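Chemist: Sharing entry_32.cif, mmCIF, C-alpha atoms and all ligand atoms:
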```
data_final
#
loop_
_atom_site.label_atom_id
_atom_site.label_comp_id
_atom_site.auth_asym_id
_atom_site.auth_seq_id
_atom_site.Cartn_x
_atom_site.Cartn_y
_atom_site.Cartn_z
CA MET A 656 114.70 72.37 98.52
CA THR A 657 113.77 75.80 99.91
CA SER A 658 114.01 76.00 103.66
CA ARG A 659 112.26 78.39 106.01
CA SER A 660 115.41 80.51 106.15
CA ASP A 661 115.45 81.50 102.47
CA ILE A 662 112.99 84.36 102.35
CA PRO A 663 110.08 85.49 104.50
CA HIS A 664 106.77 84.78 102.79
CA HIS A 665 104.85 87.23 104.96
CA ILE A 666 106.33 90.45 106.36
CA GLY A 667 104.41 92.60 108.85
CA VAL A 668 105.48 96.19 109.49
CA ILE A 669 104.68 98.36 112.51
CA MET A 670 105.26 101.71 110.83
CA ASP A 671 106.15 103.81 113.87
CA GLY A 672 107.93 107.11 114.43
CA ASN A 673 106.10 109.46 112.03
CA GLY A 674 105.34 112.00 114.75
CA ARG A 675 108.90 112.05 116.11
CA TRP A 676 110.30 112.30 112.58
CA ALA A 677 108.24 115.48 112.02
CA GLN A 678 108.90 116.92 115.48
CA SER A 679 112.66 116.45 115.06
CA ARG A 680 112.36 118.79 112.05
CA GLY A 681 110.20 121.30 113.88
CA GLN A 682 107.16 120.29 111.81
CA PRO A 683 103.64 119.24 112.88
CA ARG A 684 103.08 115.48 113.37
CA ILE A 685 100.84 115.24 110.31
CA THR A 686 103.81 116.05 108.06
CA GLY A 687 105.35 112.84 109.37
CA HIS A 688 102.25 110.86 108.42
CA GLN A 689 102.38 112.36 104.93
CA ALA A 690 106.05 111.42 104.57
CA GLY A 691 105.14 107.97 105.89
CA VAL A 692 102.96 107.36 102.83
CA GLU A 693 106.02 107.89 100.59
CA ALA A 694 107.97 105.36 102.64
CA ALA A 695 105.10 102.87 102.35
CA ARG A 696 105.09 103.28 98.57
CA GLY A 697 108.82 102.49 98.43
CA ILE A 698 108.50 99.40 100.62
CA VAL A 699 105.51 98.04 98.68
CA ASN A 700 107.48 98.33 95.43
CA ALA A 701 110.55 96.74 97.05
CA CYS A 702 108.43 93.79 98.24
CA VAL A 703 107.13 93.31 94.69
CA GLU A 704 110.70 93.24 93.38
CA LEU A 705 111.88 90.89 96.12
CA HIS A 706 109.03 88.42 95.39
CA ILE A 707 107.61 88.69 98.90
CA GLN A 708 104.16 87.07 98.88
CA VAL A 709 102.42 89.05 101.61
CA LEU A 710 103.03 92.43 103.24
CA THR A 711 100.89 93.63 106.13
CA LEU A 712 101.21 97.31 106.97
CA TYR A 713 99.97 98.44 110.40
CA VAL A 714 98.29 101.71 109.47
CA PHE A 715 95.92 102.39 112.39
CA SER A 716 95.37 100.40 115.57
CA THR A 717 92.17 100.37 117.65
CA GLU A 718 94.25 102.13 120.33
CA ASN A 719 94.95 104.97 117.89
CA TRP A 720 91.32 106.21 118.28
CA LYS A 721 92.52 107.75 121.56
CA ARG A 722 94.64 110.28 119.66
CA PRO A 723 93.45 113.89 119.22
CA LEU A 724 90.45 114.11 116.89
CA GLY A 725 92.33 116.27 114.37
CA GLU A 726 95.09 113.68 113.99
CA VAL A 727 92.61 110.81 113.71
CA SER A 728 90.61 112.62 111.00
CA PHE A 729 93.81 113.42 109.15
CA LEU A 730 94.90 109.77 109.23
CA MET A 731 91.49 108.61 107.96
CA ARG A 732 91.61 111.09 105.07
CA LEU A 733 95.21 110.11 104.30
CA ALA A 734 94.30 106.41 104.14
CA GLU A 735 91.39 107.22 101.81
CA LYS A 736 93.63 109.37 99.59
CA TYR A 737 96.16 106.51 99.43
CA ALA A 738 93.49 104.01 98.42
CA LEU A 739 92.17 106.31 95.69
CA GLU A 740 95.46 107.59 94.31
CA GLU A 741 97.55 104.41 94.37
CA ILE A 742 94.96 102.14 92.78
CA ASP A 743 96.39 102.24 89.24
CA GLU A 744 100.03 101.80 90.22
CA LEU A 745 99.22 98.98 92.65
CA HIS A 746 97.12 97.24 90.01
CA GLN A 747 99.82 97.61 87.32
CA ASN A 748 102.38 96.15 89.73
CA GLY A 749 100.25 93.08 90.33
CA VAL A 750 99.41 93.92 93.95
CA ARG A 751 96.25 92.54 95.54
CA VAL A 752 95.07 94.83 98.36
CA GLN A 753 92.83 93.85 101.27
CA HIS A 754 91.61 95.65 104.37
CA MET A 755 92.47 93.88 107.62
CA GLY A 756 90.47 95.07 110.63
CA GLN A 757 87.02 95.95 111.95
CA ARG A 758 84.83 97.96 109.60
CA GLU A 759 82.79 99.52 112.44
CA LYS A 760 83.73 103.12 113.23
CA LEU A 761 85.63 103.65 109.97
CA PRO A 762 84.29 106.50 107.78
CA PRO A 763 82.01 105.16 104.98
CA THR A 764 84.03 107.02 102.32
CA LEU A 765 87.22 105.26 103.46
CA LEU A 766 85.44 101.88 103.43
CA ASP A 767 84.16 102.60 99.91
CA SER A 768 87.63 103.40 98.61
CA LEU A 769 89.11 100.31 100.32
CA ASP A 770 86.35 98.13 98.85
CA LYS A 771 86.98 99.57 95.39
CA LEU A 772 90.72 98.97 95.73
CA ALA A 773 90.13 95.39 96.89
CA ALA A 774 87.64 94.67 94.09
CA GLN A 775 89.86 96.03 91.32
CA THR A 776 93.00 94.23 92.50
CA LYS A 777 91.48 90.96 93.75
CA ASN A 778 92.93 88.75 90.97
CA ASN A 779 96.49 90.10 91.20
CA LYS A 780 99.12 87.54 92.15
CA ARG A 781 102.51 89.19 92.70
CA LEU A 782 102.04 90.61 96.20
CA THR A 783 99.17 90.63 98.66
CA LEU A 784 99.11 93.90 100.60
CA ASN A 785 97.03 93.90 103.78
CA LEU A 786 96.23 97.35 105.13
CA ALA A 787 95.65 96.92 108.87
CA ILE A 788 93.29 99.80 109.66
CA ASN A 789 91.20 99.80 112.85
CA TYR A 790 93.12 96.62 113.65
CA SER A 791 93.57 94.89 117.01
CA GLY A 792 95.02 91.41 117.35
CA ARG A 793 92.78 90.74 120.36
CA VAL A 794 89.61 91.95 118.62
CA GLU A 795 90.55 89.80 115.61
CA ILE A 796 90.72 86.71 117.85
CA LEU A 797 87.51 87.63 119.74
CA ASN A 798 85.74 88.19 116.44
CA ALA A 799 86.88 84.78 115.18
CA ALA A 800 85.63 83.14 118.39
CA ALA A 801 82.22 84.81 117.97
CA LEU A 802 82.00 83.63 114.34
CA ILE A 803 82.89 80.09 115.42
CA ILE A 804 80.13 80.11 118.05
CA GLN A 805 77.62 81.35 115.45
CA ALA A 806 78.67 78.63 113.00
CA HIS A 807 78.42 76.05 115.80
CA LEU A 808 74.92 77.19 116.77
CA LYS A 809 73.85 76.89 113.12
CA GLY A 810 75.20 73.33 113.12
CA GLU A 811 77.84 74.16 110.48
CA ILE A 812 80.82 73.13 112.60
CA ASN A 813 81.50 71.19 115.76
CA ILE A 814 83.41 73.23 118.34
CA ASP A 815 85.12 70.10 119.74
CA ASP A 816 86.84 69.46 116.40
CA ILE A 817 88.37 72.90 115.88
CA SER A 818 92.14 72.91 115.36
CA PRO A 819 94.38 76.01 115.40
CA MET A 820 94.44 75.74 111.60
CA ASP A 821 90.62 75.80 111.47
CA PHE A 822 90.58 78.80 113.79
CA THR A 823 92.72 80.75 111.30
CA TYR A 824 89.88 80.40 108.79
CA PHE A 825 87.77 82.76 110.95
CA LEU A 826 90.39 85.52 111.24
CA TYR A 827 90.49 88.60 108.99
CA CYS A 828 91.88 87.75 105.52
CA PRO A 829 91.80 83.97 106.14
CA ASP A 830 94.04 83.03 103.21
CA VAL A 831 96.96 85.01 104.65
CA PRO A 832 99.72 82.74 106.01
CA ASP A 833 101.42 83.21 109.39
CA VAL A 834 103.76 86.19 109.55
CA ASP A 835 107.47 85.26 109.28
CA LEU A 836 109.11 88.61 109.96
CA ILE A 837 107.79 91.56 111.97
CA ILE A 838 109.60 94.86 111.48
CA ARG A 839 109.09 97.78 113.86
CA THR A 840 110.53 101.18 113.11
CA GLY A 841 110.88 104.04 115.61
CA GLY A 842 112.90 102.09 118.19
CA GLU A 843 110.19 100.60 120.44
CA LYS A 844 110.26 96.87 121.13
CA ARG A 845 106.50 96.48 121.65
CA LEU A 846 104.15 94.33 119.56
CA SER A 847 101.29 96.84 120.10
CA ASN A 848 98.50 94.30 119.50
CA PHE A 849 99.75 93.37 116.01
CA LEU A 850 99.04 89.98 114.35
CA LEU A 851 98.82 88.15 117.70
CA TRP A 852 97.45 84.85 116.36
CA ARG A 853 99.68 84.65 113.31
CA SER A 854 103.01 85.62 114.94
CA VAL A 855 103.77 82.38 116.78
CA GLU A 856 106.99 81.71 114.84
CA ALA A 857 107.75 85.24 113.70
CA VAL A 858 111.21 86.78 113.87
CA TYR A 859 111.04 90.28 115.37
CA TRP A 860 113.32 93.09 114.17
CA SER A 861 113.22 96.56 115.64
CA THR A 862 115.15 99.54 114.27
CA PRO A 863 115.52 103.08 115.66
CA ILE A 864 114.94 104.50 112.15
CA TYR A 865 111.73 106.54 112.00
CA TRP A 866 109.24 105.19 109.44
CA PRO A 867 109.55 108.09 106.91
CA ASP A 868 113.31 107.37 106.73
CA PHE A 869 112.88 103.61 106.24
CA HIS A 870 114.15 102.66 102.79
CA PRO A 871 114.39 99.44 100.75
CA GLN A 872 118.00 98.92 101.91
CA ASP A 873 116.72 98.84 105.51
CA LEU A 874 114.17 96.22 104.44
CA SER A 875 117.04 94.17 103.00
CA GLU A 876 118.84 94.44 106.34
CA ALA A 877 115.76 93.15 108.14
CA ILE A 878 115.49 90.23 105.70
CA LYS A 879 119.17 89.43 106.27
CA PHE A 880 118.52 89.38 110.04
CA TYR A 881 115.61 87.02 109.41
CA LYS A 882 117.79 84.65 107.37
CA ASP A 883 120.57 84.72 110.00
CA GLN A 884 118.10 83.95 112.79
CA ASN A 885 116.69 80.98 110.92
CA MET A 886 120.10 79.69 109.92
CA GLN A 887 121.14 79.82 113.59
CA LEU A 888 117.98 77.96 114.58
CA GLU A 889 118.58 75.30 111.93
CA ASN A 890 122.20 74.83 113.06
CA GLU A 891 121.14 74.55 116.71
CA THR A 892 118.48 72.01 115.76
CA ARG A 893 121.07 69.99 113.82
CA ILE A 894 123.63 70.07 116.68
CA PHE A 895 120.96 69.28 119.24
CA GLY A 896 119.68 66.45 117.02
CA ALA A 897 123.24 64.99 116.66
CA ASN A 898 123.92 65.21 120.42
CA HIS A 899 120.55 63.71 121.16
CA LYS A 900 121.39 60.69 118.93
CA GLN A 901 124.85 60.30 120.53
CA ASN A 902 123.42 60.32 124.06
CA ASN A 903 120.77 57.73 123.31
C1 LIG A 1001 103.04 105.78 113.53
O1 LIG A 1001 103.69 106.93 113.91
C2 LIG A 1001 101.81 106.07 112.74
C3 LIG A 1001 100.55 105.69 113.41
C4 LIG A 1001 100.44 105.05 114.54
C5 LIG A 1001 99.32 106.08 112.77
P1 LIG A 1001 103.33 107.68 115.26
O2 LIG A 1001 102.27 108.69 114.98
O3 LIG A 1001 103.00 106.73 116.34
O4 LIG A 1001 104.69 108.41 115.57
P2 LIG A 1001 105.42 108.55 116.97
O5 LIG A 1001 105.59 107.18 117.52
O6 LIG A 1001 104.53 109.41 117.82
O7 LIG A 1001 106.71 109.20 116.64
C1 LIG A 1002 101.74 101.17 116.58
O1 LIG A 1002 102.24 102.43 116.79
C2 LIG A 1002 100.52 101.19 115.70
C3 LIG A 1002 100.75 101.58 114.31
C4 LIG A 1002 101.92 101.74 113.74
C5 LIG A 1002 99.56 101.76 113.53
P1 LIG A 1002 101.77 103.30 118.06
O2 LIG A 1002 102.66 104.49 118.14
O3 LIG A 1002 100.32 103.56 117.99
O4 LIG A 1002 102.04 102.25 119.23
P2 LIG A 1002 102.40 102.45 120.76
O5 LIG A 1002 101.48 103.52 121.29
O6 LIG A 1002 103.84 102.87 120.76
O7 LIG A 1002 102.19 101.10 121.35
MG MG A 1003 104.12 105.75 117.78
#
```
What's the structure tokens form of this structure?

Modeler:
Amino acid sequence: MTSRSDIPHHIGVIMDGNGRWAQSRGQPRITGHQAGVEAARGIVNACVELHIQVLTLYVFSTENWKRPLGEVSFLMRLAEKYALEEIDELHQNGVRVQHMGQREKLPPTLLDSLDKLAAQTKNNKRLTLNLAINYSGRVEILNAAALIIQAHLKGEINIDDISPMDFTYFLYCPDVPDVDLIIRTGGEKRLSNFLLWRSVEAVYWSTPIYWPDFHPQDLSEAIKFYKDQNMQLENETRIFGANHKQNN
């Protein structure tokens, strides 16, 4: 029997520290974003090899619109370049790619390339890669609530019967399971509005390594931490269960 501790099905990554990585080398922040794409490529391939089912990469949050215009435009162009250039390799590796986030405000050319990537890879089964771009956990939940109200007003559902499981159906990428492991690079311990609804049981692992320096061996370390955490939880549950029986 496989238990929850064996391997995370869904890994979410807050890819932070690109700017500091570049600044520590006396380079402009955008060099860090460029190097971050290389790191992403390595981690996607590692997830394919490790038989991870779902990887969600936090590429651009709704808060990131507050950054200087030049950096925002660079990030949008970089995301579009990634979607266009990686399509063949992702497809060959059996990766299904989806956009996770609000479409409003994103440049039409980026949306076109994301749509093309999603359409070409939609039947792939090895890994689902969610690109969280213009993503906010709160907006995702608000959006789901609005969709539920619309469906209720049309008589399609009854609001009184909605379970948390039903609610998930109205989130972005509804077939994506809850996230098991959240990795944050760059040293901060914040969640920064990432996967709020789906992170109820997630294990959180933060590392000081800047994202461009994050390699597959660091991913393996995070997965080991995940397994240890779950093993500990299972042991505690067993001991607590045994004591509970003794005392009753
Ligand atoms: C993460 O790196 C990339 C994005 C948020 C787009 P940062 O750009 O936040 O890098 P730091 O945190 O300033 O070093
Ligand atoms: C989180 O990094 C968002 C992404 C990685 C896309 P930020 O650098 O934007 O987050 P804060 O500002 O530290 O919360
Ligand atoms: Mg940052």

Chemist: Quick one, how far is CA of Lys844 in chain A from CA of Asn785 in chain A?

Modeler: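 So the answer is 22.0 Å.
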
Chemist: Residues of chain A that have any atom at most 8 Å from an atom of ligand MG 1003 (chain A): could you tabulate them with the shortest-distance atom pair and the distance in Å to one decimal, using all atoms listed in the file, ordered by chain and increasing number, as JSON lines?

Modeler:
```
{"residue": "A:Asp671", "atom": "CA", "partner": "A:MG1003", "partner_atom": "MG", "distance": 4.8}
{"residue": "A:Gly672", "atom": "CA", "partner": "A:MG1003", "partner_atom": "MG", "distance": 5.3}
{"residue": "A:Asn673", "atom": "CA", "partner": "A:MG1003", "partner_atom": "MG", "distance": 7.1}
{"residue": "A:Gly674", "atom": "CA", "partner": "A:MG1003", "partner_atom": "MG", "distance": 7.1}
{"residue": "A:Gly841", "atom": "CA", "partner": "A:MG1003", "partner_atom": "MG", "distance": 7.3}
```

Chemist: Under the rule that only C-alpha atoms are counted, which of A:Ala734, A:Val752, A:Ile838, A:Cys702 is the nearest residue to Met670 in chain A?

Modeler: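 The closest residue to Met670 in chain A is A:Ile838.
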
Chemist: Hey, what's within 7 Å of range 810-827 of chain A if we count only C-alpha atoms and toss same-chain stuff fewer than 6 positions away? As a list in words, please?

Modeler: Met755, Gly756, Glu795, Ile796, Ala799 and Leu802 of chain A

Chemist: Could you report the residues within 8 Å of ligand LIG 1001 (chain A), using all atoms listed in the file, as a JSON list (two decimals) with C-alpha atoms, keeping the file's coordinate frame?

Modeler:
```json
[["chain", "number", "residue", "atom", "x", "y", "z"],
["A", 669, "ILE", "CA", 104.68, 98.36, 112.51],
["A", 670, "MET", "CA", 105.26, 101.71, 110.83],
["A", 671, "ASP", "CA", 106.15, 103.81, 113.87],
["A", 672, "GLY", "CA", 107.93, 107.11, 114.43],
["A", 673, "ASN", "CA", 106.10, 109.46, 112.03],
["A", 674, "GLY", "CA", 105.34, 112.00, 114.75],
["A", 675, "ARG", "CA", 108.90, 112.05, 116.11],
["A", 676, "TRP", "CA", 110.30, 112.30, 112.58],
["A", 677, "ALA", "CA", 108.24, 115.48, 112.02],
["A", 684, "ARG", "CA", 103.08, 115.48, 113.37],
["A", 687, "GLY", "CA", 105.35, 112.84, 109.37],
["A", 688, "HIS", "CA", 102.25, 110.86, 108.42],
["A", 691, "GLY", "CA", 105.14, 107.97, 105.89],
["A", 713, "TYR", "CA", 99.97, 98.44, 110.40],
["A", 714, "VAL", "CA", 98.29, 101.71, 109.47],
["A", 715, "PHE", "CA", 95.92, 102.39, 112.39],
["A", 716, "SER", "CA", 95.37, 100.40, 115.57],
["A", 719, "ASN", "CA", 94.95, 104.97, 117.89],
["A", 730, "LEU", "CA", 94.90, 109.77, 109.23],
["A", 841, "GLY", "CA", 110.88, 104.04, 115.61],
["A", 865, "TYR", "CA", 111.73, 106.54, 112.00],
["A", 866, "TRP", "CA", 109.24, 105.19, 109.44]]
```

Chemist: Calculate how many Å separate CA of Arg758 in chain A from CA of Gly725 in chain A, rounding to one decimal.

Modeler: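 CA of Gly725 in chain A lies 20.4 Å from CA of Arg758 in chain A.
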
Chemist: So, with only C-alpha atoms as the atoms that count, which of A:Ile662, A:Ala800, A:Leu766, A:Ile894 lies closest to Val709 in chain A?

Modeler: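 Ranking A:Ile662, A:Ala800, A:Leu766, A:Ile894 by distance to Val709 in chain A, first place goes to A:Ile662.
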
Chemist: For Leu836 in chain A, work out the shell of residues within 8 Å, counting all atoms listed in the file and skipping chain neighbours fewer than 4 positions away, then give it as a list in words.

Modeler: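 Answer for this query is Pro663, His665, Ile666, Gly667, Ala857, Val858, Tyr859, Trp860, Ile878 and Tyr881 of chain A.
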
Chemist: Would you write out those residues with C-alpha atoms, as a CSV table (one decimal), in the coordinates of the input?

Modeler:
```csv
chain,number,residue,atom,x,y,z
A,663,PRO,CA,110.1,85.5,104.5
A,665,HIS,CA,104.8,87.2,105.0
A,666,ILE,CA,106.3,90.4,106.4
A,667,GLY,CA,104.4,92.6,108.8
A,857,ALA,CA,107.8,85.2,113.7
A,858,VAL,CA,111.2,86.8,113.9
A,859,TYR,CA,111.0,90.3,115.4
A,860,TRP,CA,113.3,93.1,114.2
A,878,ILE,CA,115.5,90.2,105.7
A,881,TYR,CA,115.6,87.0,109.4
```

Chemist: Just need the box for ligand LIG 1002 (chain A), edges along x, y and z, holding every atom the file lists for it with 5 Å tacked onto each side, so centre and edge lengths in Å to one decimal, as AutoDock Vina command-line options.

Modeler:
```
--center_x 101.7 --center_y 102.8 --center_z 117.4 --size_x 14.3 --size_y 13.4 --size_z 17.8
```

Chemist: Looking at all atoms listed in the file, which of A:Asn885, A:Asn848, A:Asn779, A:Gln708 is the one that sits closest to ligand LIG 1002 (chain A)?

Modeler: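 Of A:Asn885, A:Asn848, A:Asn779, A:Gln708, the one nearest ligand LIG 1002 (chain A), counting all atoms listed in the file, is A:Asn848.
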
Chemist: Which one of A:Arg722, A:Arg893, A:Lys879, A:Lys780 sits closest to ligand LIG 1002 (chain A) if you count only C-alpha atoms and all ligand atoms?

Modeler: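 Using only C-alpha atoms and all ligand atoms, the shortest distance to ligand LIG 1002 (chain A) belongs to A:Arg722.
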
Chemist: Would you mind reading off the distance between CA of Leu797 in chain A and CA of Glu718 in chain A, one decimal, in Å?

Modeler: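 Spanning CA of Leu797 in chain A to CA of Glu718 in chain A is a straight-line distance of 16.0 Å.
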
Chemist: Can you list, as a PyMOL selection string, every protein, DNA or RNA residue that comes within 12 Å of Tyr737 in chain A when you count all atoms listed in the file, leaving out same-chain residues fewer than 6 positions away?

Modeler: chain A and resi 688-689+691-693+695-696+714+730-731+743-745+752+765+768-769+772+786

Chemist: For ligand LIG 1002 (chain A), which residue among A:Ile788, A:Cys828, A:Leu851, A:Leu739 is the nearest when counting only C-alpha atoms and all ligand atoms?

Modeler: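 Among the listed residues, the smallest separation from ligand LIG 1002 (chain A) belongs to A:Ile788.
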
Chemist: Go through A:Gln753, A:Thr711, A:Ser791, A:Thr862 one by one, measure the shortest atom-to-atom distance of each to Lys777 in chain A using all atoms listed in the file, and give the residue with the smallest value.

Modeler: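 Using all atoms listed in the file, the shortest distance to Lys777 in chain A belongs to A:Gln753.
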
Chemist: Considering only C-alpha atoms, return as a list in words whatever protein or nucleic-acid residues lie within 9 Å of Val855 in chain A, sequence-local ones (same chain, fewer than 6 positions apart) excluded.

Modeler: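 That gives Asp833, Val834 and Asp835 of chain A.
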
Chemist: Restore all heavy atoms in range 858-868 of chain A and list the result as a PDB file, in the coordinates of the input.

Modeler:
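File written: rebuild-v7.pdb
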```pdb
ATOM      1  N   VAL A 858     109.973  86.126 113.440  1.00  0.00           N
ATOM      2  CA  VAL A 858     111.210  86.780 113.870  1.00  0.00           C
ATOM      3  C   VAL A 858     110.885  88.263 114.002  1.00  0.00           C
ATOM      4  O   VAL A 858     110.191  88.834 113.159  1.00  0.00           O
ATOM      5  CB  VAL A 858     112.321  86.567 112.806  1.00  0.00           C
ATOM      6  CG1 VAL A 858     113.515  87.460 113.067  1.00  0.00           C
ATOM      7  CG2 VAL A 858     112.741  85.101 112.762  1.00  0.00           C
ATOM      8  N   TYR A 859     111.373  88.883 115.085  1.00  0.00           N
ATOM      9  CA  TYR A 859     111.040  90.280 115.370  1.00  0.00           C
ATOM     10  C   TYR A 859     112.287  91.147 115.210  1.00  0.00           C
ATOM     11  O   TYR A 859     113.325  90.844 115.793  1.00  0.00           O
ATOM     12  CB  TYR A 859     110.489  90.381 116.794  1.00  0.00           C
ATOM     13  CG  TYR A 859     109.932  91.722 117.159  1.00  0.00           C
ATOM     14  CD1 TYR A 859     108.614  92.054 116.867  1.00  0.00           C
ATOM     15  CD2 TYR A 859     110.716  92.670 117.818  1.00  0.00           C
ATOM     16  CE1 TYR A 859     108.093  93.290 117.205  1.00  0.00           C
ATOM     17  CE2 TYR A 859     110.199  93.913 118.155  1.00  0.00           C
ATOM     18  CZ  TYR A 859     108.891  94.206 117.848  1.00  0.00           C
ATOM     19  OH  TYR A 859     108.372  95.432 118.184  1.00  0.00           O
ATOM     20  N   TRP A 860     112.182  92.197 114.417  1.00  0.00           N
ATOM     21  CA  TRP A 860     113.320  93.090 114.170  1.00  0.00           C
ATOM     22  C   TRP A 860     112.880  94.527 114.396  1.00  0.00           C
ATOM     23  O   TRP A 860     111.944  95.001 113.766  1.00  0.00           O
ATOM     24  CB  TRP A 860     113.808  92.909 112.730  1.00  0.00           C
ATOM     25  CG  TRP A 860     115.075  93.627 112.390  1.00  0.00           C
ATOM     26  CD1 TRP A 860     116.340  93.276 112.738  1.00  0.00           C
ATOM     27  CD2 TRP A 860     115.208  94.820 111.588  1.00  0.00           C
ATOM     28  NE1 TRP A 860     117.252  94.164 112.208  1.00  0.00           N
ATOM     29  CE2 TRP A 860     116.583  95.119 111.499  1.00  0.00           C
ATOM     30  CE3 TRP A 860     114.304  95.658 110.930  1.00  0.00           C
ATOM     31  CZ2 TRP A 860     117.083  96.220 110.795  1.00  0.00           C
ATOM     32  CZ3 TRP A 860     114.790  96.753 110.229  1.00  0.00           C
ATOM     33  CH2 TRP A 860     116.163  97.015 110.169  1.00  0.00           C
ATOM     34  N   SER A 861     113.569  95.177 115.332  1.00  0.00           N
ATOM     35  CA  SER A 861     113.220  96.560 115.640  1.00  0.00           C
ATOM     36  C   SER A 861     114.394  97.466 115.265  1.00  0.00           C
ATOM     37  O   SER A 861     115.547  97.120 115.496  1.00  0.00           O
ATOM     38  CB  SER A 861     112.916  96.664 117.140  1.00  0.00           C
ATOM     39  OG  SER A 861     112.895  97.994 117.559  1.00  0.00           O
ATOM     40  N   THR A 862     114.088  98.595 114.654  1.00  0.00           N
ATOM     41  CA  THR A 862     115.150  99.540 114.270  1.00  0.00           C
ATOM     42  C   THR A 862     114.794 100.931 114.788  1.00  0.00           C
ATOM     43  O   THR A 862     113.613 101.293 114.815  1.00  0.00           O
ATOM     44  CB  THR A 862     115.314  99.587 112.732  1.00  0.00           C
ATOM     45  OG1 THR A 862     116.215 100.649 112.402  1.00  0.00           O
ATOM     46  CG2 THR A 862     114.003  99.834 112.006  1.00  0.00           C
ATOM     47  N   PRO A 863     115.817 101.709 115.206  1.00  0.00           N
ATOM     48  CA  PRO A 863     115.520 103.080 115.660  1.00  0.00           C
ATOM     49  C   PRO A 863     115.095 104.030 114.533  1.00  0.00           C
ATOM     50  O   PRO A 863     114.580 105.108 114.784  1.00  0.00           O
ATOM     51  CB  PRO A 863     116.839 103.555 116.285  1.00  0.00           C
ATOM     52  CG  PRO A 863     117.896 102.622 115.815  1.00  0.00           C
ATOM     53  CD  PRO A 863     117.230 101.343 115.393  1.00  0.00           C
ATOM     54  N   ILE A 864     115.288 103.621 113.279  1.00  0.00           N
ATOM     55  CA  ILE A 864     114.940 104.500 112.150  1.00  0.00           C
ATOM     56  C   ILE A 864     113.453 104.860 112.206  1.00  0.00           C
ATOM     57  O   ILE A 864     112.609 103.983 112.401  1.00  0.00           O
ATOM     58  CB  ILE A 864     115.237 103.765 110.807  1.00  0.00           C
ATOM     59  CG1 ILE A 864     116.720 103.425 110.703  1.00  0.00           C
ATOM     60  CG2 ILE A 864     114.781 104.594 109.610  1.00  0.00           C
ATOM     61  CD1 ILE A 864     117.034 102.474 109.543  1.00  0.00           C
ATOM     62  N   TYR A 865     113.137 106.140 112.054  1.00  0.00           N
ATOM     63  CA  TYR A 865     111.730 106.540 112.000  1.00  0.00           C
ATOM     64  C   TYR A 865     111.140 106.110 110.649  1.00  0.00           C
ATOM     65  O   TYR A 865     111.838 106.116 109.637  1.00  0.00           O
ATOM     66  CB  TYR A 865     111.584 108.060 112.139  1.00  0.00           C
ATOM     67  CG  TYR A 865     112.010 108.597 113.482  1.00  0.00           C
ATOM     68  CD1 TYR A 865     112.657 109.833 113.600  1.00  0.00           C
ATOM     69  CD2 TYR A 865     111.760 107.882 114.652  1.00  0.00           C
ATOM     70  CE1 TYR A 865     113.044 110.338 114.831  1.00  0.00           C
ATOM     71  CE2 TYR A 865     112.145 108.378 115.886  1.00  0.00           C
ATOM     72  CZ  TYR A 865     112.788 109.604 115.973  1.00  0.00           C
ATOM     73  OH  TYR A 865     113.170 110.095 117.187  1.00  0.00           O
ATOM     74  N   TRP A 866     109.858 105.771 110.648  1.00  0.00           N
ATOM     75  CA  TRP A 866     109.240 105.190 109.440  1.00  0.00           C
ATOM     76  C   TRP A 866     109.497 106.019 108.163  1.00  0.00           C
ATOM     77  O   TRP A 866     109.884 105.458 107.137  1.00  0.00           O
ATOM     78  CB  TRP A 866     107.743 104.919 109.665  1.00  0.00           C
ATOM     79  CG  TRP A 866     107.090 104.443 108.406  1.00  0.00           C
ATOM     80  CD1 TRP A 866     106.168 105.099 107.662  1.00  0.00           C
ATOM     81  CD2 TRP A 866     107.365 103.207 107.703  1.00  0.00           C
ATOM     82  NE1 TRP A 866     105.839 104.362 106.552  1.00  0.00           N
ATOM     83  CE2 TRP A 866     106.563 103.205 106.562  1.00  0.00           C
ATOM     84  CE3 TRP A 866     108.211 102.119 107.948  1.00  0.00           C
ATOM     85  CZ2 TRP A 866     106.564 102.151 105.645  1.00  0.00           C
ATOM     86  CZ3 TRP A 866     108.235 101.067 107.033  1.00  0.00           C
ATOM     87  CH2 TRP A 866     107.421 101.096 105.904  1.00  0.00           C
ATOM     88  N   PRO A 867     109.351 107.369 108.194  1.00  0.00           N
ATOM     89  CA  PRO A 867     109.550 108.090 106.910  1.00  0.00           C
ATOM     90  C   PRO A 867     110.966 107.946 106.359  1.00  0.00           C
ATOM     91  O   PRO A 867     111.183 108.159 105.164  1.00  0.00           O
ATOM     92  CB  PRO A 867     109.258 109.556 107.285  1.00  0.00           C
ATOM     93  CG  PRO A 867     108.372 109.466 108.481  1.00  0.00           C
ATOM     94  CD  PRO A 867     108.867 108.263 109.251  1.00  0.00           C
ATOM     95  N   ASP A 868     111.930 107.562 107.195  1.00  0.00           N
ATOM     96  CA  ASP A 868     113.310 107.370 106.730  1.00  0.00           C
ATOM     97  C   ASP A 868     113.635 105.911 106.414  1.00  0.00           C
ATOM     98  O   ASP A 868     114.783 105.563 106.168  1.00  0.00           O
ATOM     99  CB  ASP A 868     114.309 107.847 107.806  1.00  0.00           C
ATOM    100  CG  ASP A 868     114.377 109.360 107.881  1.00  0.00           C
ATOM    101  OD1 ASP A 868     114.094 110.011 106.857  1.00  0.00           O
ATOM    102  OD2 ASP A 868     114.697 109.884 108.963  1.00  0.00           O
TER     103      ASP A 868
END
```
